[in-house]
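Asks: Structure provided below as structure tokens; questions to follow.
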Amino acid sequence: MKRPTLSMHTPAVDCTPPEARVQRRRLRACHECDWVSALPPLGSGEKASCPRCSHVLVKRHRYPAQRSMALAIASLVALILAVSFPFVSFSVGGIGNRIELTQTATALINFHQPVVAIAVIMTIVVLPAVYLTGVIWLQFGLLRARPLPLSRDIARSLAHLTPWMMADVFIIGALVSLIKVAGMAQIELGISFWAFCVFAILLLMTTQSIDADWMWFSLEGEPLAPEGTLTGATAASQNVTGCPTCGLVNRLDKGHGRCVRCHEKLHTRLPYSLQRTWALLFAATIMYIPANVYPIMTTTSLGHTAPSTIIGGVVQLLQMGSWPVAAVIFIASVIVPVGKLVALVWLCLMINRSDELNANSRTRLYRITEFIGRWSMVDVFVVAILVALIRAGSLMSITPGPAALAFGAVVVLTMLAAMTFDSRLIWDSPAPCPARRTTATKDAIDG
């Protein structure tokens with residue numbers, strides 16, 4: 001594959017990939033299956049995958065620092081616009097209301113739901129703003145070839161923030177809310193709504209544009225892998241491990257240590273992984289009961305008050321003929337959390353029977369489970385938007401119910417359960433070694 005020609009004025013961080021700056025093999029230990037492999041030379045628009053479980057180890061982008069910095073700046077501008085103008089307004093019978101984006105959280109505080117309010121504002125505004133500021137700070141320093149203070153700590157935090165940013169989920173929640181209200185009142189979308197849609201897309205593009213391998217190499221270089229580390233074997237069998245944050249292979253001391261490059265804590269396997277996962281799953285199961293028994297919101301229309309549970313809301317939408325919206329709510333609020341609980345329970349139970357089941361299939365199930373968990377927040381965002389927007393007294397108003405907090409807790413607990421589950425345990429029992437080359441596979445991706 002022909003590599004792009006870069007200008008001589010392009011900063012070094014953008015014109016020379018790590019493979020061209022070191023005359024030695026660069027090793028990686030897969031964080032999902034623990035297989036040690038060597039990274040091949042990569043051009044722009046290519047990726048290296050683990051030969052054992054196909055987990056993507058490295059994605060290479062063209063102009064990585066400039067690209068992510070430009071997207072981060074554009075995202076931050078869109079977010080500022082989104083919080084500076086009206087988000088949406090409604091009117092019915094001559095009475096209406098107009099809200100700004102931040103009011104989706106502040107309105108919940110007025111109804112004694114501070115925890116839910118904090119979760120909403122943190123996931124759609126605060127954490128994305130912190131993430132984008134961190135990206136700009138990092139890449140600006142790298143483009144100047146002089147990293148700014150705290151760059152290593154900021155770089156380490158980026159990967160930890162990504163799962164908790166839910167701007168894209170909030171957009172789905174907003175669309176569901178507006179469809180539910182459209183049949184009862186006149187809706188007008190403000191500048192903030194469109195700005196936030198642009199922000200959600202740009203934020204997703206920013207997270208996808210981060211070339212962590214290139215960034216860490218440009219920031220801290222790459223120390224040699226521990227002497228004697230072999231490819232084509234597991235890291236644990238060699239008393240080494242791959243850093244989940246920067247990817248560097250490190251030697252461990254009695255199964256523990258810190259990454260010499262990013263200072264992340266390292267373990268042969270996450271301590272008490274199964275015990276923590278079981279505890280979080282049990283807590284999530286307990287919280288799922290009040291999340292479905294108690295009303296998630298209460299609707300007042302022409303003086304008549306009607307509490308609505310999650311399932312009751314789905315049934316009501318079906319009766320109104322809103323099949324697509326009902327399907328979205330049912331999948332996000334019932335299928336996803338229940339499916340995630342069942343999948344994680346099954347994975348925990350099958351850990352000691354790895355020789356009887358296909359490890360690749362269970363790893364794919366784990367990836368799906370980890371990915372879909374955040375989308376259950378749709379129902380919480382729907383409640384936040386409707387509570388802030390529909391405030392017309394006895395004519396029409398919506399108040400949050402106790403199930404909102406319980407359901408939000410289910411989402412957070414299941415996400416934490418997936419994070420504490422160490423997928424490398426799936427591969428630990430004796431199993432046939434794949435007859436595949438030990439150099440990470442190189443596949444083309446969209447640039």
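Identifiers in this document derive from the order of the structure tokens: chains are assigned A, B, ..., residues are numbered from 1 separately in each chain, and ligands are numbered from 1 in order of occurrence.
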In segment 218-445 of chain A, what's helix (DSSP H, G or I) per DSSP? Answer as a PyMOL selection string?

Replies: chain A and resi 218-220+236-238+273-293+310-319+323-349+351-356+359-389+403-420+423-427

Asks: So which residues of segment 287-346 of chain A fall under strand (DSSP E or B) by DSSP, listed as an NGL selection string?

Replies: :A and (297-301 or 304-308)

Asks: Which is closest to Leu347 of chain A among A:Arg156, A:Arg424, A:Arg67, A:His304, if we use only C-alpha atoms?

Replies: A:Arg424

Asks: Near Ser423 of chain A, within 6 Å and counting only C-alpha atoms, which residues show up once chain neighbours fewer than 2 positions away are dropped, as a PyMOL selection string?

Replies: chain A and resi 32+425-426

Asks: Go through segment 212-303 of chain A and flag each residue having an atom no more than 10 Å from segment 158-182 of chain A; for those, report the closest pair of atoms plus their distance in Å to one decimal, using only C-alpha atoms, ordered by chain and rising number, as a tab-separated table.

Replies:
residue	atom	partner	partner_atom	distance
A:Ala212	CA	A:Ala159	CA	9.1
A:Pro244	CA	A:Ala159	CA	9.2
A:Thr245	CA	A:Ala159	CA	6.8
A:Cys246	CA	A:Ala159	CA	9.5

Asks: Considering only C-alpha atoms, give me a table of residues in segment 30-77 of chain A that are at most 10 Å from segment 362-382 of chain A, with the closest atom pair and distance in Å for each, as a Markdown table.

Replies:
| residue | atom | partner | partner_atom | distance |
| --- | --- | --- | --- | --- |
| A:Glu32 | CA | A:Thr363 | CA | 7.8 |
| A:Cys33 | CA | A:Thr363 | CA | 8.5 |
| A:Cys53 | CA | A:Thr363 | CA | 7.7 |
| A:Ser54 | CA | A:Arg364 | CA | 9.6 |
| A:His55 | CA | A:Thr363 | CA | 9.4 |

Asks: Just the residues within 7 Å of segment 235-237 of chain A, please, counting only C-alpha atoms, with nothing from its chain fewer than 5 positions along; format it as a list in words.

Replies: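 Non-adjacent residues within range: Ala29, Asp34, Trp35, Val36 and Thr268 of chain A.
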
Asks: Please identify all polymer residues within 9 Å of Thr133 of chain A, counting only C-alpha atoms, omitting same-chain residues fewer than 5 positions from it, and present them as a PyMOL selection string.

Replies: chain A and resi 72-73+76+128+138

Asks: Please save N, CA, C and O atoms of the selected residues as a short mmCIF file (atom, residue, chain, number, x, y, z; two decimals), in the first residue's frame.

Replies:
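Once everything was written out, this is part26.cif:
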data_model
loop_
_atom_site.label_atom_id
_atom_site.label_comp_id
_atom_site.auth_asym_id
_atom_site.auth_seq_id
_atom_site.Cartn_x
_atom_site.Cartn_y
_atom_site.Cartn_z
N ALA A 72 -11.44 17.89 17.83
CA ALA A 72 -11.73 18.26 19.22
C ALA A 72 -12.13 19.73 19.33
O ALA A 72 -13.06 20.08 20.07
N ILE A 73 -11.45 20.60 18.61
CA ILE A 73 -11.79 22.03 18.63
C ILE A 73 -13.18 22.25 18.06
O ILE A 73 -14.00 22.98 18.63
N LEU A 76 -15.77 21.06 20.57
CA LEU A 76 -15.91 21.97 21.70
C LEU A 76 -16.70 23.21 21.32
O LEU A 76 -17.53 23.69 22.10
N PRO A 128 -17.62 15.13 28.41
CA PRO A 128 -17.16 15.43 27.05
C PRO A 128 -16.30 16.69 26.97
O PRO A 128 -15.30 16.71 26.23
N LEU A 138 -3.20 17.90 24.85
CA LEU A 138 -2.20 16.90 24.48
C LEU A 138 -1.63 17.15 23.09
O LEU A 138 -0.41 17.21 22.89
#

Asks: Using only C-alpha atoms, which residues of segment 183-242 of chain A come within 7 Å of segment 83-95 of chain A, and what is the closest atom pair for each, with the distance in Å to one decimal? Give it as a tab-separated table, sorted by chain and residue number.

Replies:
residue	atom	partner	partner_atom	distance
A:Ala185	CA	A:Val92	CA	5.0
A:Gln186	CA	A:Ser91	CA	5.3
A:Ile187	CA	A:Phe90	CA	4.5
A:Glu188	CA	A:Ser89	CA	5.2
A:Leu189	CA	A:Val88	CA	4.6
A:Gly190	CA	A:Phe87	CA	4.8
A:Ile191	CA	A:Phe85	CA	6.1
A:Ser192	CA	A:Phe87	CA	4.5
A:Phe193	CA	A:Phe87	CA	4.9

Asks: Would you save the residues of that selection, restricted to N, CA, C and O atoms, as an mmCIF file, in the first residue's frame?

Replies:
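Output file part-v3.cif is given in full below:
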data_model
loop_
_atom_site.group_PDB
_atom_site.id
_atom_site.type_symbol
_atom_site.label_atom_id
_atom_site.label_comp_id
_atom_site.auth_asym_id
_atom_site.auth_seq_id
_atom_site.Cartn_x
_atom_site.Cartn_y
_atom_site.Cartn_z
ATOM 1 N N ALA A 185 -48.652 18.158 21.513
ATOM 2 C CA ALA A 185 -48.327 19.578 21.535
ATOM 3 C C ALA A 185 -47.487 19.919 20.310
ATOM 4 O O ALA A 185 -47.002 19.044 19.591
ATOM 5 N N GLN A 186 -47.333 21.228 20.088
ATOM 6 C CA GLN A 186 -46.513 21.695 18.979
ATOM 7 C C GLN A 186 -45.068 21.839 19.446
ATOM 8 O O GLN A 186 -44.792 22.501 20.440
ATOM 9 N N ILE A 187 -44.144 21.237 18.718
ATOM 10 C CA ILE A 187 -42.736 21.221 19.093
ATOM 11 C C ILE A 187 -41.923 22.099 18.135
ATOM 12 O O ILE A 187 -42.146 22.078 16.922
ATOM 13 N N GLU A 188 -41.000 22.867 18.715
ATOM 14 C CA GLU A 188 -40.095 23.678 17.902
ATOM 15 C C GLU A 188 -38.662 23.429 18.367
ATOM 16 O O GLU A 188 -38.349 23.572 19.552
ATOM 17 N N LEU A 189 -37.810 23.020 17.429
ATOM 18 C CA LEU A 189 -36.422 22.729 17.741
ATOM 19 C C LEU A 189 -35.592 23.996 17.673
ATOM 20 O O LEU A 189 -35.701 24.779 16.721
ATOM 21 N N GLY A 190 -34.736 24.206 18.697
ATOM 22 C CA GLY A 190 -33.904 25.385 18.748
ATOM 23 C C GLY A 190 -32.525 25.157 18.135
ATOM 24 O O GLY A 190 -32.170 24.037 17.741
ATOM 25 N N ILE A 191 -31.735 26.220 18.080
ATOM 26 C CA ILE A 191 -30.378 26.129 17.546
ATOM 27 C C ILE A 191 -29.559 25.120 18.337
ATOM 28 O O ILE A 191 -28.748 24.372 17.785
ATOM 29 N N SER A 192 -29.789 25.094 19.646
ATOM 30 C CA SER A 192 -29.027 24.199 20.510
ATOM 31 C C SER A 192 -29.217 22.736 20.121
ATOM 32 O O SER A 192 -28.279 21.943 20.205
ATOM 33 N N PHE A 193 -30.430 22.364 19.712
ATOM 34 C CA PHE A 193 -30.699 20.975 19.340
ATOM 35 C C PHE A 193 -29.818 20.550 18.170
ATOM 36 O O PHE A 193 -29.180 19.488 18.205
#

Asks: Report the distance between atom CA of Ala78 of chain A and atom CA of Ile154 of chain A in Å, rounded to one decimal place.

Replies: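 Separation between atom CA of Ala78 of chain A and atom CA of Ile154 of chain A: 22.2 Å.
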
Asks: Mind pulling up the distance from atom CA of Asp213 of chain A to atom CA of Val249 of chain A?

Replies: 12.6 Å

Asks: If you measure from atom CA of Ala74 of chain A to atom CA of Gly141 of chain A, what distance in Å do you get, rounded to one decimal?

Replies: 18.1 Å

Asks: For segment 306-320 of chain A, list every protein, DNA or RNA residue within 7 Å, evaluated using only C-alpha atoms, and leave out those in the same chain fewer than 4 positions away; present the list as a PDB file with N, CA, C and O atoms, in the first residue's frame.

Replies:
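Done, and the output landed in out_39.pdb:
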ATOM      1  N   ASN A 292     -38.567  -1.421  37.649  1.00  0.00           N
ATOM      2  CA  ASN A 292     -39.734  -1.828  36.871  1.00  0.00           C
ATOM      3  C   ASN A 292     -41.033  -1.786  37.660  1.00  0.00           C
ATOM      4  O   ASN A 292     -42.106  -1.660  37.069  1.00  0.00           O
ATOM      5  N   VAL A 293     -40.933  -1.885  38.978  1.00  0.00           N
ATOM      6  CA  VAL A 293     -42.150  -1.885  39.801  1.00  0.00           C
ATOM      7  C   VAL A 293     -42.673  -0.465  40.016  1.00  0.00           C
ATOM      8  O   VAL A 293     -43.881  -0.202  39.909  1.00  0.00           O
ATOM      9  N   TYR A 294     -41.775   0.467  40.313  1.00  0.00           N
ATOM     10  CA  TYR A 294     -42.179   1.848  40.584  1.00  0.00           C
ATOM     11  C   TYR A 294     -42.295   2.644  39.279  1.00  0.00           C
ATOM     12  O   TYR A 294     -41.673   2.304  38.273  1.00  0.00           O
ATOM     13  N   PRO A 295     -43.074   3.723  39.281  1.00  0.00           N
ATOM     14  CA  PRO A 295     -43.194   4.548  38.069  1.00  0.00           C
ATOM     15  C   PRO A 295     -41.898   5.297  37.767  1.00  0.00           C
ATOM     16  O   PRO A 295     -41.233   5.788  38.676  1.00  0.00           O
ATOM     17  N   ILE A 296     -41.562   5.364  36.487  1.00  0.00           N
ATOM     18  CA  ILE A 296     -40.378   6.113  36.086  1.00  0.00           C
ATOM     19  C   ILE A 296     -40.712   7.579  35.868  1.00  0.00           C
ATOM     20  O   ILE A 296     -39.846   8.451  35.950  1.00  0.00           O
ATOM     21  N   MET A 297     -42.002   7.871  35.592  1.00  0.00           N
ATOM     22  CA  MET A 297     -42.459   9.252  35.530  1.00  0.00           C
ATOM     23  C   MET A 297     -43.975   9.289  35.704  1.00  0.00           C
ATOM     24  O   MET A 297     -44.666   8.279  35.505  1.00  0.00           O
ATOM     25  N   THR A 298     -44.464  10.458  36.087  1.00  0.00           N
ATOM     26  CA  THR A 298     -45.901  10.650  36.303  1.00  0.00           C
ATOM     27  C   THR A 298     -46.372  11.780  35.409  1.00  0.00           C
ATOM     28  O   THR A 298     -45.814  12.886  35.443  1.00  0.00           O
ATOM     29  N   THR A 299     -47.414  11.512  34.615  1.00  0.00           N
ATOM     30  CA  THR A 299     -47.933  12.494  33.663  1.00  0.00           C
ATOM     31  C   THR A 299     -49.245  13.072  34.170  1.00  0.00           C
ATOM     32  O   THR A 299     -50.151  12.339  34.580  1.00  0.00           O
ATOM     33  N   THR A 300     -49.329  14.398  34.154  1.00  0.00           N
ATOM     34  CA  THR A 300     -50.563  15.102  34.513  1.00  0.00           C
ATOM     35  C   THR A 300     -51.107  15.777  33.265  1.00  0.00           C
ATOM     36  O   THR A 300     -50.414  16.579  32.630  1.00  0.00           O
ATOM     37  N   ALA A 326     -41.796   2.670  20.592  1.00  0.00           N
ATOM     38  CA  ALA A 326     -42.010   1.609  21.578  1.00  0.00           C
ATOM     39  C   ALA A 326     -40.909   0.556  21.478  1.00  0.00           C
ATOM     40  O   ALA A 326     -40.422   0.048  22.498  1.00  0.00           O
ATOM     41  N   ILE A 329     -37.641   1.965  23.077  1.00  0.00           N
ATOM     42  CA  ILE A 329     -37.710   1.951  24.540  1.00  0.00           C
ATOM     43  C   ILE A 329     -37.652   0.526  25.075  1.00  0.00           C
ATOM     44  O   ILE A 329     -36.955   0.244  26.063  1.00  0.00           O
ATOM     45  N   PHE A 330     -38.353  -0.393  24.429  1.00  0.00           N
ATOM     46  CA  PHE A 330     -38.378  -1.777  24.908  1.00  0.00           C
ATOM     47  C   PHE A 330     -36.992  -2.412  24.790  1.00  0.00           C
ATOM     48  O   PHE A 330     -36.524  -3.091  25.715  1.00  0.00           O
TER      49      PHE A 330
END

Asks: Which is closer to Ser37 of chain A than all the others in A:Arg25, A:Ser333, A:Arg269, A:Ser157, using only C-alpha atoms?

Replies: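 Using only C-alpha atoms, the shortest distance to Ser37 of chain A belongs to A:Arg25.
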
Asks: Which residues are near Glu220 of chain A? Cut-off 10 Å, only C-alpha atoms, ignore same chain within fewer than 2 positions. Put them as a list in words.

Replies: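 So, after excluding close chain neighbours, the residues are Pro147, Ser151, Arg152, Met215, Trp216, Phe217, Ser218, Glu222, Pro223, Val260, Arg261 and Cys262 of chain A.
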
Asks: Can you spit out the residues from that selection as a PDB file, in the first residue's frame, using N, CA, C and O atoms?

Replies:
ATOM      1  N   PRO A 147       5.733  18.482  24.886  1.00  0.00           N
ATOM      2  CA  PRO A 147       4.512  18.151  25.632  1.00  0.00           C
ATOM      3  C   PRO A 147       4.289  19.099  26.800  1.00  0.00           C
ATOM      4  O   PRO A 147       5.222  19.472  27.513  1.00  0.00           O
ATOM      5  N   SER A 151       0.710  16.089  30.692  1.00  0.00           N
ATOM      6  CA  SER A 151       0.263  15.417  29.469  1.00  0.00           C
ATOM      7  C   SER A 151       0.093  13.911  29.675  1.00  0.00           C
ATOM      8  O   SER A 151      -0.856  13.308  29.173  1.00  0.00           O
ATOM      9  N   ARG A 152       1.030  13.290  30.406  1.00  0.00           N
ATOM     10  CA  ARG A 152       0.931  11.840  30.611  1.00  0.00           C
ATOM     11  C   ARG A 152      -0.319  11.475  31.408  1.00  0.00           C
ATOM     12  O   ARG A 152      -1.031  10.527  31.060  1.00  0.00           O
ATOM     13  N   MET A 215       0.317   8.428  19.721  1.00  0.00           N
ATOM     14  CA  MET A 215       0.327   9.480  20.733  1.00  0.00           C
ATOM     15  C   MET A 215       1.285   9.143  21.876  1.00  0.00           C
ATOM     16  O   MET A 215       2.105   9.978  22.277  1.00  0.00           O
ATOM     17  N   TRP A 216       1.210   7.903  22.386  1.00  0.00           N
ATOM     18  CA  TRP A 216       2.068   7.537  23.501  1.00  0.00           C
ATOM     19  C   TRP A 216       3.540   7.458  23.075  1.00  0.00           C
ATOM     20  O   TRP A 216       4.435   7.822  23.845  1.00  0.00           O
ATOM     21  N   PHE A 217       3.779   7.003  21.857  1.00  0.00           N
ATOM     22  CA  PHE A 217       5.156   6.957  21.387  1.00  0.00           C
ATOM     23  C   PHE A 217       5.732   8.366  21.265  1.00  0.00           C
ATOM     24  O   PHE A 217       6.888   8.621  21.636  1.00  0.00           O
ATOM     25  N   SER A 218       4.938   9.293  20.749  1.00  0.00           N
ATOM     26  CA  SER A 218       5.403  10.672  20.602  1.00  0.00           C
ATOM     27  C   SER A 218       5.537  11.363  21.945  1.00  0.00           C
ATOM     28  O   SER A 218       6.371  12.255  22.115  1.00  0.00           O
ATOM     29  N   GLU A 222       9.176   4.648  23.603  1.00  0.00           N
ATOM     30  CA  GLU A 222       8.777   3.261  23.899  1.00  0.00           C
ATOM     31  C   GLU A 222       9.961   2.475  24.438  1.00  0.00           C
ATOM     32  O   GLU A 222      10.856   2.084  23.683  1.00  0.00           O
ATOM     33  N   PRO A 223       9.977   2.258  25.746  1.00  0.00           N
ATOM     34  CA  PRO A 223      11.047   1.437  26.332  1.00  0.00           C
ATOM     35  C   PRO A 223      11.031   0.030  25.741  1.00  0.00           C
ATOM     36  O   PRO A 223      10.010  -0.454  25.241  1.00  0.00           O
ATOM     37  N   VAL A 260       5.876   1.293  33.022  1.00  0.00           N
ATOM     38  CA  VAL A 260       7.023   2.200  33.079  1.00  0.00           C
ATOM     39  C   VAL A 260       6.811   3.418  32.189  1.00  0.00           C
ATOM     40  O   VAL A 260       7.516   4.420  32.335  1.00  0.00           O
ATOM     41  N   ARG A 261       5.840   3.356  31.286  1.00  0.00           N
ATOM     42  CA  ARG A 261       5.610   4.486  30.389  1.00  0.00           C
ATOM     43  C   ARG A 261       4.490   5.405  30.870  1.00  0.00           C
ATOM     44  O   ARG A 261       4.655   6.614  30.932  1.00  0.00           O
ATOM     45  N   CYS A 262       3.332   4.839  31.236  1.00  0.00           N
ATOM     46  CA  CYS A 262       2.187   5.690  31.617  1.00  0.00           C
ATOM     47  C   CYS A 262       1.842   5.597  33.101  1.00  0.00           C
ATOM     48  O   CYS A 262       0.955   6.312  33.574  1.00  0.00           O
TER      49      CYS A 262
END

Asks: Can you work out which one of A:Tyr131, A:Trp346, A:Phe140, A:Tyr272 has the shortest atom-to-atom distance to Leu204 of chain A, counting only C-alpha atoms?

Replies: A:Tyr131

Asks: A:Leu344, A:Ala117, A:Leu143, A:Leu42: which is nearest Arg276 of chain A, counting only C-alpha atoms?

Replies: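 With only C-alpha atoms as the atom set, the closest residue is A:Leu344.
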
Asks: Of the residues A:Phe111, A:Leu71, A:Ile351, A:Arg52, which is the one nearest to Gly401 of chain A, using only C-alpha atoms?

Replies: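 Among A:Phe111, A:Leu71, A:Ile351, A:Arg52, it is A:Phe111 that comes nearest to Gly401 of chain A.
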